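Read the structure below first, then the notes.
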Amino acid sequence: MTGALAGCGEKEAAKLANGEEAKLNFYNWDTYIGETTLGDYKDSAGVDVNMTLFASNDELFAKLRAGNQGYDVIVPSNDFVERMAAADMLVEIDKAQIPNFKNIAPEYQDVPYDPARKYSMPYTWLALGIGYRKSKVNSVPDSWKVLFDSDEYKGRIAVLSEAGDMFRLYGKYLGKSVNGLTDADLKTIEAMMIKQKPNIKSFHEDNGQDLLLKGEVDLVLEYNGDIAQIMTEDPDIGFVIPKEGSQLNSDNLCIPKGAPHPKNAHAFINYLLDAEVGKKITETIKYPTPNAAVKALMPDSYKNNPVILPAADVLAKCEYAKFNPGLQPKYEEAFTRVRAA
């Protein structure tokens with residue numbers, strides 16, 4: 001989606017006290033930053049942030065695997081933090097430069113995919129589910145069946161374009177753990193996907209909420225925060241985590257190897273973890289925050305919103321995905337066949 005970074009090769013006269021030029025290149029998801037965050041940071045730190053967008057972890061990984069084109073801060077999900085760290089694609093975080101790490105809730109300070117937060121800082125956590133237009137469905141679509149195994153809404157549904165997430169969620173529908181799929185399961189799921197493909201309008205590129213809001217589809221596989229954003233604009237939009245359970249993700253702030261402005265990157269990450277800064281971001285993106293200082297500042301309308309913060313019994317059926325180096329290429333190869341079918 002993005003080409004070479006604008007201005008990366010230009011010489012800048014302005015230098016910061018840390019010796020780096022007053023620039024930072026931020027590679028982020030769409031609709032995933034506060035409305036004034038980047039401008040506020042330029043005003044406070046004197047650093048011009050150039051933000052470009054990616055649509056999937058697969059795209060992020062492929063772009064960085066080919067060589068860092070000048071990115072300083074990236075936002076991979078939990079299993080891709082693990083994958084990129086294993087591939088030596090990430091810089092170790094110097095926590096001495098991130099004093100706002102103290103704001104992070106204890107349960108997010110040491111996580112299985114990045115023990116002791118060696119390579120990442122937590123940005124959000126999130127749940128996958130079904131966004132839907134209430135007036136266009138026969139009943140609340142509380143099963144993955146409506147997206148994965150039915151022609152009830154033929155031509156009116158959109159699903160993800162990310163291979164691993166799709167296979168793992170099909171696994172959930174089949175009663176499996178997202179981390180328990182076998183080669184035989186992959187063959188079963190690939191056949192199911194190919195059978196279901198005529199009923200799918202779009203494998204969306206991180207714009208499922210826009211497709212739903214514009215009426216281009218009536219049901220979409222999306223993240224809870226993205227649907228929460230558009231629910232404020234349209235009361236006909238609903239969201240449900242299917243009864244079979246779902247996958248949880250955590251998106252993270254990382255510094256890729258070869259970052260041209262590593263000191264600026266640390267300073268920017270620390271800024272994003274500030275309580276007041278994080279509050280403005282969270283008010284805009286409407287995702288669950290792992291930042292305890294931010295959550296404490298949020299109103300009850302956020303804390304009590306079951307779309308943003310699902311109930312405990314719903315979350316009990318959900319799991320975080322682990323990076324599986326044996327299955328990941330098989331997900332991608334099989335999904336390529338599905339998309340080409």
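By convention in this document, the chains of the structure tokens carry letters A, B, ... by their order, each chain's residues are numbered from 1, and ligands are numbered from 1 in the order they are shown.
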I want to know what sits within 10 Å of Ser44 (chain A), based on only C-alpha atoms, with residues of the same chain fewer than 5 positions away left out; could you give that as JSON, numbers by chain?
{"A": [38, 39, 271]}
Go ahead and save the picked residues with all heavy atoms, as a compact mmCIF listing (two decimals), in the first residue's frame.
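Result written to selection-v7.txt:
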# COMPACT_ATOMS: atom_id res chain seq x y z
N LEU A 38 -0.22 13.20 16.36
CA LEU A 38 1.03 13.46 15.64
C LEU A 38 1.35 14.95 15.61
O LEU A 38 2.52 15.35 15.76
CB LEU A 38 0.96 12.90 14.22
CG LEU A 38 0.66 11.39 14.13
CD1 LEU A 38 0.75 10.93 12.69
CD2 LEU A 38 1.59 10.58 15.02
N GLY A 39 0.32 15.78 15.45
CA GLY A 39 0.54 17.23 15.50
C GLY A 39 0.96 17.69 16.88
O GLY A 39 1.85 18.55 17.02
N TYR A 271 6.13 8.73 24.53
CA TYR A 271 5.06 9.73 24.43
C TYR A 271 3.69 9.06 24.30
O TYR A 271 2.73 9.46 24.96
CB TYR A 271 5.33 10.62 23.22
CG TYR A 271 4.30 11.70 22.97
CD1 TYR A 271 4.29 12.87 23.72
CD2 TYR A 271 3.35 11.56 21.96
CE1 TYR A 271 3.35 13.88 23.49
CE2 TYR A 271 2.40 12.55 21.72
CZ TYR A 271 2.41 13.71 22.49
OH TYR A 271 1.47 14.69 22.25
Considering only C-alpha atoms, tabulate each residue of region 211-320 of chain A that lies at most 9 Å from region 131-140 of chain A along with its nearest interatomic pair and the corresponding distance in Å to one decimal; arrange the rows by chain and ascending residue number and present them as JSON lines.
{"residue": "A:Leu212", "atom": "CA", "partner": "A:Tyr132", "partner_atom": "CA", "distance": 7.1}
{"residue": "A:Leu213", "atom": "CA", "partner": "A:Arg133", "partner_atom": "CA", "distance": 8.4}
{"residue": "A:Gly215", "atom": "CA", "partner": "A:Arg133", "partner_atom": "CA", "distance": 8.4}
{"residue": "A:Val217", "atom": "CA", "partner": "A:Tyr132", "partner_atom": "CA", "distance": 8.5}
{"residue": "A:Asp218", "atom": "CA", "partner": "A:Arg133", "partner_atom": "CA", "distance": 5.3}
{"residue": "A:Leu219", "atom": "CA", "partner": "A:Tyr132", "partner_atom": "CA", "distance": 4.3}
{"residue": "A:Val220", "atom": "CA", "partner": "A:Gly131", "partner_atom": "CA", "distance": 5.2}
{"residue": "A:Leu221", "atom": "CA", "partner": "A:Gly131", "partner_atom": "CA", "distance": 6.4}
{"residue": "A:Glu222", "atom": "CA", "partner": "A:Gly131", "partner_atom": "CA", "distance": 6.4}
{"residue": "A:Tyr223", "atom": "CA", "partner": "A:Gly131", "partner_atom": "CA", "distance": 8.4}
{"residue": "A:Asn224", "atom": "CA", "partner": "A:Gly131", "partner_atom": "CA", "distance": 8.0}
{"residue": "A:Ile227", "atom": "CA", "partner": "A:Gly131", "partner_atom": "CA", "distance": 6.2}
{"residue": "A:Pro235", "atom": "CA", "partner": "A:Lys134", "partner_atom": "CA", "distance": 8.7}
{"residue": "A:Asp236", "atom": "CA", "partner": "A:Lys134", "partner_atom": "CA", "distance": 5.3}
{"residue": "A:Ile237", "atom": "CA", "partner": "A:Arg133", "partner_atom": "CA", "distance": 4.7}
{"residue": "A:Gly238", "atom": "CA", "partner": "A:Tyr132", "partner_atom": "CA", "distance": 5.3}
{"residue": "A:Phe239", "atom": "CA", "partner": "A:Gly131", "partner_atom": "CA", "distance": 4.4}
{"residue": "A:Val240", "atom": "CA", "partner": "A:Gly131", "partner_atom": "CA", "distance": 6.7}
{"residue": "A:Ile241", "atom": "CA", "partner": "A:Gly131", "partner_atom": "CA", "distance": 9.0}
Take the residues from that selection and write them out as a PDB file, in the first residue's frame, keeping N, CA, C and O atoms.
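Okay, this is what ended up in selection39.pdb:
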ATOM      1  N   LEU A 212     -18.937  -1.813   5.928  1.00  0.00           N
ATOM      2  CA  LEU A 212     -20.188  -1.976   6.660  1.00  0.00           C
ATOM      3  C   LEU A 212     -20.922  -0.638   6.791  1.00  0.00           C
ATOM      4  O   LEU A 212     -22.138  -0.559   6.565  1.00  0.00           O
ATOM      5  N   LEU A 213     -20.205   0.401   7.125  1.00  0.00           N
ATOM      6  CA  LEU A 213     -20.816   1.714   7.317  1.00  0.00           C
ATOM      7  C   LEU A 213     -21.430   2.243   6.022  1.00  0.00           C
ATOM      8  O   LEU A 213     -22.515   2.830   6.032  1.00  0.00           O
ATOM      9  N   GLY A 215     -22.623   0.458   3.641  1.00  0.00           N
ATOM     10  CA  GLY A 215     -23.668  -0.421   3.142  1.00  0.00           C
ATOM     11  C   GLY A 215     -23.227  -1.346   2.030  1.00  0.00           C
ATOM     12  O   GLY A 215     -24.055  -1.978   1.372  1.00  0.00           O
ATOM     13  N   VAL A 217     -21.475  -4.055   2.497  1.00  0.00           N
ATOM     14  CA  VAL A 217     -21.724  -5.392   3.050  1.00  0.00           C
ATOM     15  C   VAL A 217     -22.628  -5.223   4.272  1.00  0.00           C
ATOM     16  O   VAL A 217     -22.758  -4.119   4.809  1.00  0.00           O
ATOM     17  N   ASP A 218     -23.217  -6.325   4.710  1.00  0.00           N
ATOM     18  CA  ASP A 218     -24.087  -6.302   5.888  1.00  0.00           C
ATOM     19  C   ASP A 218     -23.469  -6.998   7.093  1.00  0.00           C
ATOM     20  O   ASP A 218     -23.926  -6.808   8.219  1.00  0.00           O
ATOM     21  N   LEU A 219     -22.459  -7.826   6.845  1.00  0.00           N
ATOM     22  CA  LEU A 219     -21.735  -8.496   7.920  1.00  0.00           C
ATOM     23  C   LEU A 219     -20.243  -8.465   7.591  1.00  0.00           C
ATOM     24  O   LEU A 219     -19.861  -8.642   6.434  1.00  0.00           O
ATOM     25  N   VAL A 220     -19.423  -8.284   8.627  1.00  0.00           N
ATOM     26  CA  VAL A 220     -17.986  -8.211   8.386  1.00  0.00           C
ATOM     27  C   VAL A 220     -17.224  -8.798   9.570  1.00  0.00           C
ATOM     28  O   VAL A 220     -17.598  -8.605  10.729  1.00  0.00           O
ATOM     29  N   LEU A 221     -16.181  -9.531   9.259  1.00  0.00           N
ATOM     30  CA  LEU A 221     -15.263 -10.016  10.284  1.00  0.00           C
ATOM     31  C   LEU A 221     -14.307  -8.864  10.578  1.00  0.00           C
ATOM     32  O   LEU A 221     -13.557  -8.444   9.704  1.00  0.00           O
ATOM     33  N   GLU A 222     -14.356  -8.354  11.802  1.00  0.00           N
ATOM     34  CA  GLU A 222     -13.561  -7.174  12.134  1.00  0.00           C
ATOM     35  C   GLU A 222     -13.175  -7.175  13.609  1.00  0.00           C
ATOM     36  O   GLU A 222     -13.650  -7.979  14.401  1.00  0.00           O
ATOM     37  N   TYR A 223     -12.300  -6.228  13.936  1.00  0.00           N
ATOM     38  CA  TYR A 223     -11.878  -6.035  15.309  1.00  0.00           C
ATOM     39  C   TYR A 223     -12.896  -5.169  16.062  1.00  0.00           C
ATOM     40  O   TYR A 223     -13.520  -4.283  15.474  1.00  0.00           O
ATOM     41  N   ASN A 224     -13.024  -5.440  17.341  1.00  0.00           N
ATOM     42  CA  ASN A 224     -14.048  -4.753  18.138  1.00  0.00           C
ATOM     43  C   ASN A 224     -13.907  -3.235  18.105  1.00  0.00           C
ATOM     44  O   ASN A 224     -14.901  -2.506  17.993  1.00  0.00           O
ATOM     45  N   ILE A 227     -15.315  -1.585  14.899  1.00  0.00           N
ATOM     46  CA  ILE A 227     -16.781  -1.528  14.881  1.00  0.00           C
ATOM     47  C   ILE A 227     -17.290  -0.534  15.922  1.00  0.00           C
ATOM     48  O   ILE A 227     -18.255   0.198  15.671  1.00  0.00           O
ATOM     49  N   PRO A 235     -26.473   4.001  14.565  1.00  0.00           N
ATOM     50  CA  PRO A 235     -27.077   3.127  15.583  1.00  0.00           C
ATOM     51  C   PRO A 235     -27.563   1.790  15.032  1.00  0.00           C
ATOM     52  O   PRO A 235     -27.949   0.906  15.810  1.00  0.00           O
ATOM     53  N   ASP A 236     -27.519   1.619  13.716  1.00  0.00           N
ATOM     54  CA  ASP A 236     -27.952   0.356  13.108  1.00  0.00           C
ATOM     55  C   ASP A 236     -26.824  -0.673  13.064  1.00  0.00           C
ATOM     56  O   ASP A 236     -26.999  -1.769  12.559  1.00  0.00           O
ATOM     57  N   ILE A 237     -25.653  -0.316  13.602  1.00  0.00           N
ATOM     58  CA  ILE A 237     -24.507  -1.221  13.598  1.00  0.00           C
ATOM     59  C   ILE A 237     -24.424  -1.962  14.931  1.00  0.00           C
ATOM     60  O   ILE A 237     -24.580  -1.373  16.008  1.00  0.00           O
ATOM     61  N   GLY A 238     -24.176  -3.277  14.851  1.00  0.00           N
ATOM     62  CA  GLY A 238     -23.976  -4.091  16.044  1.00  0.00           C
ATOM     63  C   GLY A 238     -22.689  -4.877  15.949  1.00  0.00           C
ATOM     64  O   GLY A 238     -22.035  -4.936  14.899  1.00  0.00           O
ATOM     65  N   PHE A 239     -22.302  -5.507  17.052  1.00  0.00           N
ATOM     66  CA  PHE A 239     -21.071  -6.317  17.088  1.00  0.00           C
ATOM     67  C   PHE A 239     -21.286  -7.472  18.043  1.00  0.00           C
ATOM     68  O   PHE A 239     -21.878  -7.310  19.113  1.00  0.00           O
ATOM     69  N   VAL A 240     -20.806  -8.643  17.657  1.00  0.00           N
ATOM     70  CA  VAL A 240     -20.924  -9.811  18.527  1.00  0.00           C
ATOM     71  C   VAL A 240     -19.683 -10.688  18.387  1.00  0.00           C
ATOM     72  O   VAL A 240     -19.127 -10.834  17.288  1.00  0.00           O
ATOM     73  N   ILE A 241     -19.215 -11.213  19.507  1.00  0.00           N
ATOM     74  CA  ILE A 241     -18.187 -12.258  19.488  1.00  0.00           C
ATOM     75  C   ILE A 241     -18.928 -13.585  19.459  1.00  0.00           C
ATOM     76  O   ILE A 241     -19.725 -13.877  20.358  1.00  0.00           O
TER      77      ILE A 241
END
Hey, can you check how far CA of Lys280 (chain A) sits from CA of Ile104 (chain A)?
16.2 Å
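Interatomic distance, CA of Ala340 (chain A) against CA of Ser56 (chain A): 18.6 Å.
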How would you write, as an MDAnalysis selection string, the set of residues in region 79-262 of chain A that DSSP gives as helix (DSSP H, G or I)?
chainID A and resid 79:86 95:97 99:103 106:108 115:117 134:136 145:148 163:173 183:199 208:213 224:231 262
